[in-house]
>>> print(open('model-v3.cif').read())   # mmCIF, C-alpha atoms
data_entry
loop_
_atom_site.label_atom_id
_atom_site.label_comp_id
_atom_site.auth_asym_id
_atom_site.auth_seq_id
_atom_site.Cartn_x
_atom_site.Cartn_y
_atom_site.Cartn_z
CA MET A 298 8.66 -12.34 -12.39
CA LEU A 299 9.18 -8.74 -11.38
CA HIS A 300 10.85 -8.03 -8.06
CA HIS A 301 8.20 -6.69 -5.71
CA THR A 302 7.18 -5.98 -2.13
CA LEU A 303 3.65 -6.12 -0.73
CA THR A 304 3.23 -4.31 2.58
CA GLY A 305 0.46 -2.80 4.67
CA PRO A 306 -2.84 -3.95 6.20
CA ARG A 307 -3.98 -7.26 4.73
CA ASP A 308 -7.61 -6.13 4.62
CA ALA A 309 -6.87 -2.81 2.87
CA PRO A 310 -7.28 -2.22 -0.88
CA VAL A 311 -4.12 -2.90 -2.91
CA LEU A 312 -2.44 0.13 -4.44
CA VAL A 313 0.20 -0.67 -7.09
CA LEU A 314 3.04 1.86 -7.37
CA GLY A 315 4.80 2.10 -10.75
CA ASN A 316 8.24 3.69 -11.07
CA ALA A 317 9.83 6.13 -13.49
CA LEU A 318 12.43 4.96 -16.00
CA GLY A 319 15.77 4.49 -14.27
CA THR A 320 14.30 4.28 -10.75
CA THR A 321 13.35 1.47 -8.37
CA THR A 322 10.97 0.86 -5.47
CA GLU A 323 13.15 3.38 -3.59
CA LEU A 324 11.02 6.01 -5.34
CA TRP A 325 8.29 5.42 -2.76
CA ARG A 326 10.36 5.12 0.42
CA GLU A 327 8.85 8.27 1.97
CA PHE A 328 5.25 7.24 1.32
CA SER A 329 2.88 6.19 4.07
CA LEU A 330 -0.60 5.47 2.77
CA PRO A 331 -3.47 3.49 4.36
CA PHE A 332 -3.44 0.84 1.63
CA ARG A 333 -1.73 -2.46 0.95
CA LEU A 334 1.15 -1.18 -1.18
CA LEU A 335 2.50 -3.26 -4.04
CA ARG A 336 5.83 -1.82 -5.16
CA PHE A 337 7.65 -3.38 -8.12
CA ASP A 338 10.76 -2.85 -10.23
CA HIS A 339 10.46 -2.69 -14.02
CA ARG A 340 12.44 -5.34 -15.92
CA GLY A 341 16.19 -4.74 -15.63
CA HIS A 342 15.70 -2.27 -12.77
CA GLY A 343 16.47 -2.89 -9.10
CA GLY A 344 15.84 -6.52 -8.22
CA SER A 345 14.05 -7.43 -11.47
CA ALA A 346 15.94 -9.50 -14.03
CA PRO A 347 16.76 -8.04 -17.46
CA VAL A 348 14.74 -9.16 -20.46
CA GLU A 349 16.56 -9.41 -23.78
CA GLY A 350 15.41 -7.60 -26.89
CA PRO A 351 13.21 -4.58 -27.62
CA CYS A 352 9.99 -3.89 -25.75
CA ALA A 353 6.92 -1.67 -25.92
CA ILE A 354 4.77 -0.14 -23.19
CA GLU A 355 2.41 -3.06 -23.77
CA ASP A 356 5.16 -5.53 -22.82
CA LEU A 357 5.93 -3.65 -19.61
CA ALA A 358 2.22 -3.64 -18.80
CA HIS A 359 2.02 -7.40 -19.36
CA ASP A 360 4.85 -7.78 -16.82
CA VAL A 361 2.52 -6.14 -14.28
CA VAL A 362 -0.44 -8.32 -15.28
CA GLU A 363 1.74 -11.39 -14.77
CA LEU A 364 2.66 -10.10 -11.31
CA LEU A 365 -0.98 -9.48 -10.40
CA ASP A 366 -1.88 -12.98 -11.56
CA HIS A 367 0.98 -14.43 -9.52
CA LEU A 368 -0.30 -12.67 -6.39
CA GLY A 369 -3.94 -13.54 -7.08
CA LEU A 370 -5.00 -9.90 -7.36
CA ARG A 371 -8.00 -9.50 -9.63
CA GLN A 372 -8.43 -5.73 -9.47
CA VAL A 373 -6.28 -3.00 -7.91
CA TYR A 374 -5.72 0.71 -7.60
CA TYR A 375 -2.72 1.96 -9.58
CA CYS A 376 -0.45 4.99 -9.32
CA GLY A 377 2.45 5.48 -11.73
CA VAL A 378 5.17 8.07 -12.23
CA SER A 379 6.44 8.83 -15.75
CA LEU A 380 7.07 5.38 -17.32
CA GLY A 381 4.99 3.84 -14.53
CA GLY A 382 2.13 6.13 -15.49
CA MET A 383 2.40 5.12 -19.14
CA VAL A 384 2.10 1.49 -18.06
CA GLY A 385 -0.92 2.45 -15.94
CA MET A 386 -2.65 4.14 -18.87
CA TRP A 387 -2.19 1.05 -21.03
CA LEU A 388 -3.50 -1.24 -18.27
CA ALA A 389 -6.55 0.95 -17.64
CA ALA A 390 -7.35 1.18 -21.35
CA HIS A 391 -6.81 -2.47 -22.29
CA THR A 392 -7.63 -4.53 -19.19
CA ASP A 393 -10.20 -4.56 -16.41
CA ARG A 394 -7.56 -4.86 -13.66
CA ILE A 395 -7.49 -1.17 -12.63
CA SER A 396 -10.44 0.31 -10.71
CA ARG A 397 -8.94 3.74 -9.94
CA LEU A 398 -5.89 5.39 -11.49
CA ALA A 399 -3.35 8.08 -10.60
CA LEU A 400 -0.88 9.51 -13.12
CA VAL A 401 2.08 11.53 -11.81
CA CYS A 402 4.42 13.57 -14.04
CA THR A 403 3.65 11.50 -17.11
CA THR A 404 2.34 11.84 -20.65
CA ALA A 405 0.51 9.81 -23.26
CA TRP A 406 3.11 10.66 -25.91
CA VAL A 407 6.55 12.30 -26.20
CA PRO A 408 6.59 15.30 -28.56
CA ASP A 409 10.36 15.88 -28.16
CA LYS A 410 11.68 12.60 -29.52
CA ALA A 411 15.02 14.16 -30.48
CA ARG A 412 15.97 14.61 -26.82
CA LEU A 413 15.37 10.92 -26.13
CA ASP A 414 17.20 9.93 -29.31
CA GLU A 415 20.22 11.90 -28.12
CA ARG A 416 20.15 10.25 -24.69
CA ILE A 417 19.79 6.77 -26.19
CA ALA A 418 22.72 7.39 -28.54
CA LEU A 419 24.93 8.63 -25.69
CA VAL A 420 24.09 5.69 -23.44
CA ARG A 421 24.68 3.22 -26.25
CA ALA A 422 28.07 4.76 -27.10
CA HIS A 423 29.40 5.81 -23.70
CA GLY A 424 27.33 4.14 -20.96
CA MET A 425 24.96 5.50 -18.33
CA GLU A 426 27.58 7.66 -16.66
CA SER A 427 27.59 9.91 -19.75
CA VAL A 428 23.96 10.99 -19.16
CA ALA A 429 23.50 10.48 -15.42
CA ASP A 430 23.97 14.11 -14.39
CA ALA A 431 21.67 15.42 -17.13
CA VAL A 432 18.96 12.88 -16.27
CA VAL A 433 19.09 13.53 -12.54
CA SER A 434 19.05 17.31 -13.07
CA ARG A 435 15.61 16.89 -14.65
CA TRP A 436 14.42 14.68 -11.80
CA PHE A 437 14.95 17.19 -8.99
CA THR A 438 14.83 20.91 -8.29
CA PRO A 439 18.13 22.68 -7.48
CA THR A 440 17.10 22.88 -3.80
CA CYS A 441 16.69 19.12 -3.38
CA ALA A 442 19.03 17.64 -0.73
CA PRO A 443 22.33 16.55 -2.35
CA ALA A 444 22.20 13.20 -0.53
CA VAL A 445 18.83 12.42 -2.12
CA VAL A 446 20.10 13.34 -5.58
CA ALA A 447 23.24 11.23 -5.09
CA HIS A 448 21.18 8.24 -3.94
CA PHE A 449 18.95 8.24 -7.02
CA ARG A 450 21.92 8.85 -9.30
CA ALA A 451 23.57 5.74 -7.85
CA GLU A 452 20.36 3.75 -8.41
CA LEU A 453 20.26 4.89 -12.04
CA LEU A 454 23.80 3.66 -12.65
CA LYS A 455 22.82 0.15 -11.47
CA VAL A 456 20.09 -0.32 -14.10
CA ASP A 457 20.81 -2.98 -16.74
CA LEU A 458 21.98 -0.98 -19.76
CA PRO A 459 20.33 -2.94 -22.63
CA THR A 460 17.02 -3.03 -20.75
CA TYR A 461 17.21 0.67 -20.01
CA LEU A 462 17.76 1.38 -23.71
CA ALA A 463 14.83 -0.86 -24.67
CA CYS A 464 12.55 0.91 -22.16
CA ALA A 465 13.73 4.35 -23.32
CA GLU A 466 12.91 3.39 -26.91
CA ALA A 467 9.49 2.17 -25.75
CA VAL A 468 8.81 5.59 -24.21
CA ARG A 469 10.03 7.38 -27.34
CA ASP A 470 7.88 5.30 -29.69
CA MET A 471 4.65 5.10 -27.69
CA ASP A 472 1.48 7.00 -28.52
CA LEU A 473 -1.26 6.30 -26.00
CA ARG A 474 -3.46 9.21 -27.07
CA PRO A 475 -5.98 6.96 -28.88
CA ASP A 476 -6.28 4.91 -25.67
CA LEU A 477 -7.20 7.79 -23.36
CA ALA A 478 -10.89 7.80 -24.30
CA LYS A 479 -11.05 4.11 -23.34
CA ILE A 480 -10.01 4.80 -19.74
CA ASP A 481 -13.34 4.85 -17.94
CA VAL A 482 -12.08 4.71 -14.35
CA PRO A 483 -11.75 7.74 -12.04
CA THR A 484 -8.29 9.24 -12.59
CA VAL A 485 -6.27 11.85 -10.78
CA VAL A 486 -3.48 13.51 -12.79
CA ILE A 487 -0.61 15.26 -10.98
CA ALA A 488 1.89 17.61 -12.61
CA ALA A 489 4.89 19.37 -11.03
CA ALA A 490 5.44 23.08 -11.70
CA GLN A 491 9.21 22.65 -12.12
CA ASP A 492 9.10 19.46 -14.19
CA HIS A 493 10.94 20.05 -17.47
CA ALA A 494 10.67 16.41 -18.56
CA THR A 495 6.86 16.41 -18.62
CA PRO A 496 5.86 20.09 -18.37
CA THR A 497 2.50 21.00 -16.87
CA GLU A 498 0.92 21.83 -20.24
CA LEU A 499 1.88 18.42 -21.62
CA VAL A 500 0.40 16.70 -18.58
CA ARG A 501 -2.70 18.86 -18.92
CA HIS A 502 -3.21 17.64 -22.50
CA THR A 503 -3.36 14.07 -21.18
CA ALA A 504 -5.77 15.01 -18.40
CA ASP A 505 -8.05 16.85 -20.82
CA GLU A 506 -8.47 13.74 -22.98
CA LEU A 507 -9.45 11.47 -20.08
CA PRO A 508 -13.21 11.00 -19.62
CA ASP A 509 -13.11 11.19 -15.79
CA SER A 510 -10.08 13.06 -14.47
CA GLU A 511 -8.97 15.77 -12.08
CA LEU A 512 -5.67 17.68 -12.46
CA TYR A 513 -3.44 18.94 -9.66
CA VAL A 514 -0.19 20.91 -9.97
CA VAL A 515 2.40 20.53 -7.20
CA GLY A 516 4.59 23.60 -6.74
CA ASP A 517 8.08 22.93 -5.36
CA ALA A 518 8.98 19.76 -7.24
CA ALA A 519 10.41 18.49 -10.52
CA HIS A 520 9.94 15.20 -12.40
CA LEU A 521 10.29 12.91 -9.38
CA ALA A 522 7.70 14.90 -7.47
CA VAL A 523 6.83 11.90 -5.31
CA VAL A 524 10.31 12.23 -3.78
CA GLU A 525 10.33 16.00 -3.31
CA ALA A 526 6.67 16.47 -2.33
CA PRO A 527 5.58 13.14 -0.78
CA ARG A 528 3.24 14.66 1.81
CA THR A 529 1.35 16.80 -0.68
CA ILE A 530 0.99 13.94 -3.15
CA SER A 531 0.07 11.49 -0.37
CA VAL A 532 -2.87 13.73 0.57
CA ILE A 533 -4.05 13.84 -3.06
CA LEU A 534 -3.72 10.07 -3.46
CA ASP A 535 -5.35 9.32 -0.10
CA ASP A 536 -8.34 11.46 -1.07
CA HIS A 537 -8.59 9.92 -4.56
CA PHE A 538 -8.18 6.26 -3.64
CA GLY A 539 -9.91 6.63 -0.27
CA ASN A 540 -13.10 7.52 -2.13
CA GLY A 541 -12.97 4.23 -4.05
#
>>> encode(input="model-v3.cif", output="structure tokens")
Amino acid sequence: MLHHTLTGPRDAPVLVLGNALGTTTELWREFSLPFRLLRFDHRGHGGSAPVEGPCAIEDLAHDVVELLDHLGLRQVYYCGVSLGGMVGMWLAAHTDRISRLALVCTTAWVPDKARLDERIALVRAHGMESVADAVVSRWFTPTCAPAVVAHFRAELLKVDLPTYLACAEAVRDMDLRPDLAKIDVPTVVIAAAQDHATPTELVRHTADELPDSELYVVGDAAHLAVVEAPRTISVILDDHFGNG
């Protein structure tokens, strides 16, 4: 069972918050939304136990379904960043558990597989420390507070290495583009202007293929935009999910 927290008003709709690869529920520590917030850690991240062997986005999505079943939650809102957004797309396309969806700094496929191949090879040969600075530099803008950057770097170094590699390979190998037309729930898509991991045009391609979506671009933020621009994104999410 995935490590999770469920906080907020008991009579409010449940909003599930999915994390980026290499991050934990700490991703959402600055968020204050009028929903019952279900935060969880992907397998091998934070408080969630590692799972041996390779995995696909589908497997990570089934982890979430298992969690929803455990908590007796039939249908929820879902917001995911990067890997969390990929999981959200799969859930919305293949299950009836998601009634409204938000996708932040994510994509339905990875065109630049060579970059991920290089990172995977470095981690496998030399450990997470060998890529930590490069990864974190893509997460934040140069003006982000050093203490924030250091905190998330430290969280990255705690992730179970084999599970991280399996999840990175799942991201590299996925292609959710055929699933986008199946997502028939209202979706808000958020890009960050300074995100070099999932550039705005790549995010826009995903938004354009969704039957019912609206795209926003946040200015002063990089890949972990929910950390650098929590107020702006909170307003977008509150408006989107509040109209459910």
>>> resolve_selection(input="model-v3.cif", expression="the PyMOL selection byres ((chain A and resi 379) around 10)", output="number ranges by chain")
A: 315-318, 377-378, 380-385, 400-405, 468, 494-495, 520-521
>>> closest_residue(input="model-v3.cif", among="A:Arg450, A:Thr320, A:Ala467, A:Ala390", to="Asp356 in chain A", atoms="all atoms listed in the file")
A:Ala467
>>> resolve_selection(input="model-v3.cif", expression="the PyMOL selection byres ((chain A and resi 480-492) around 6)", output="number ranges by chain")
A: 389-390, 396-402, 477-479, 493-497, 509-516, 518-520
>>> resolve_selection(input="model-v3.cif", expression="the PyMOL selection byres ((chain A and resi 330-346) around 6)", output="CSV table (one decimal) with C-alpha atoms, keeping the file's coordinate frame")
chain,number,residue,atom,x,y,z
A,299,LEU,CA,9.2,-8.7,-11.4
A,300,HIS,CA,10.8,-8.0,-8.1
A,301,HIS,CA,8.2,-6.7,-5.7
A,302,THR,CA,7.2,-6.0,-2.1
A,303,LEU,CA,3.6,-6.1,-0.7
A,304,THR,CA,3.2,-4.3,2.6
A,305,GLY,CA,0.5,-2.8,4.7
A,306,PRO,CA,-2.8,-4.0,6.2
A,309,ALA,CA,-6.9,-2.8,2.9
A,310,PRO,CA,-7.3,-2.2,-0.9
A,311,VAL,CA,-4.1,-2.9,-2.9
A,312,LEU,CA,-2.4,0.1,-4.4
A,313,VAL,CA,0.2,-0.7,-7.1
A,314,LEU,CA,3.0,1.9,-7.4
A,321,THR,CA,13.4,1.5,-8.4
A,322,THR,CA,11.0,0.9,-5.5
A,329,SER,CA,2.9,6.2,4.1
A,347,PRO,CA,16.8,-8.0,-17.5
A,456,VAL,CA,20.1,-0.3,-14.1
A,457,ASP,CA,20.8,-3.0,-16.7
A,460,THR,CA,17.0,-3.0,-20.8
>>> closest_residue(input="model-v3.cif", among="A:Ala465, A:Leu507, A:Ile395, A:Ala447", to="Ala418 in chain A", atoms="only C-alpha atoms")
A:Ala465
>>> closest_residue(input="model-v3.cif", among="A:Leu462, A:Val361, A:Val500, A:Val524", to="His448 in chain A", atoms="all atoms listed in the file")
A:Val524
>>> atom_distance(input="model-v3.cif", atom1="CA of Ala463 in chain A", atom2="CA of Cys352 in chain A")
5.8 Å
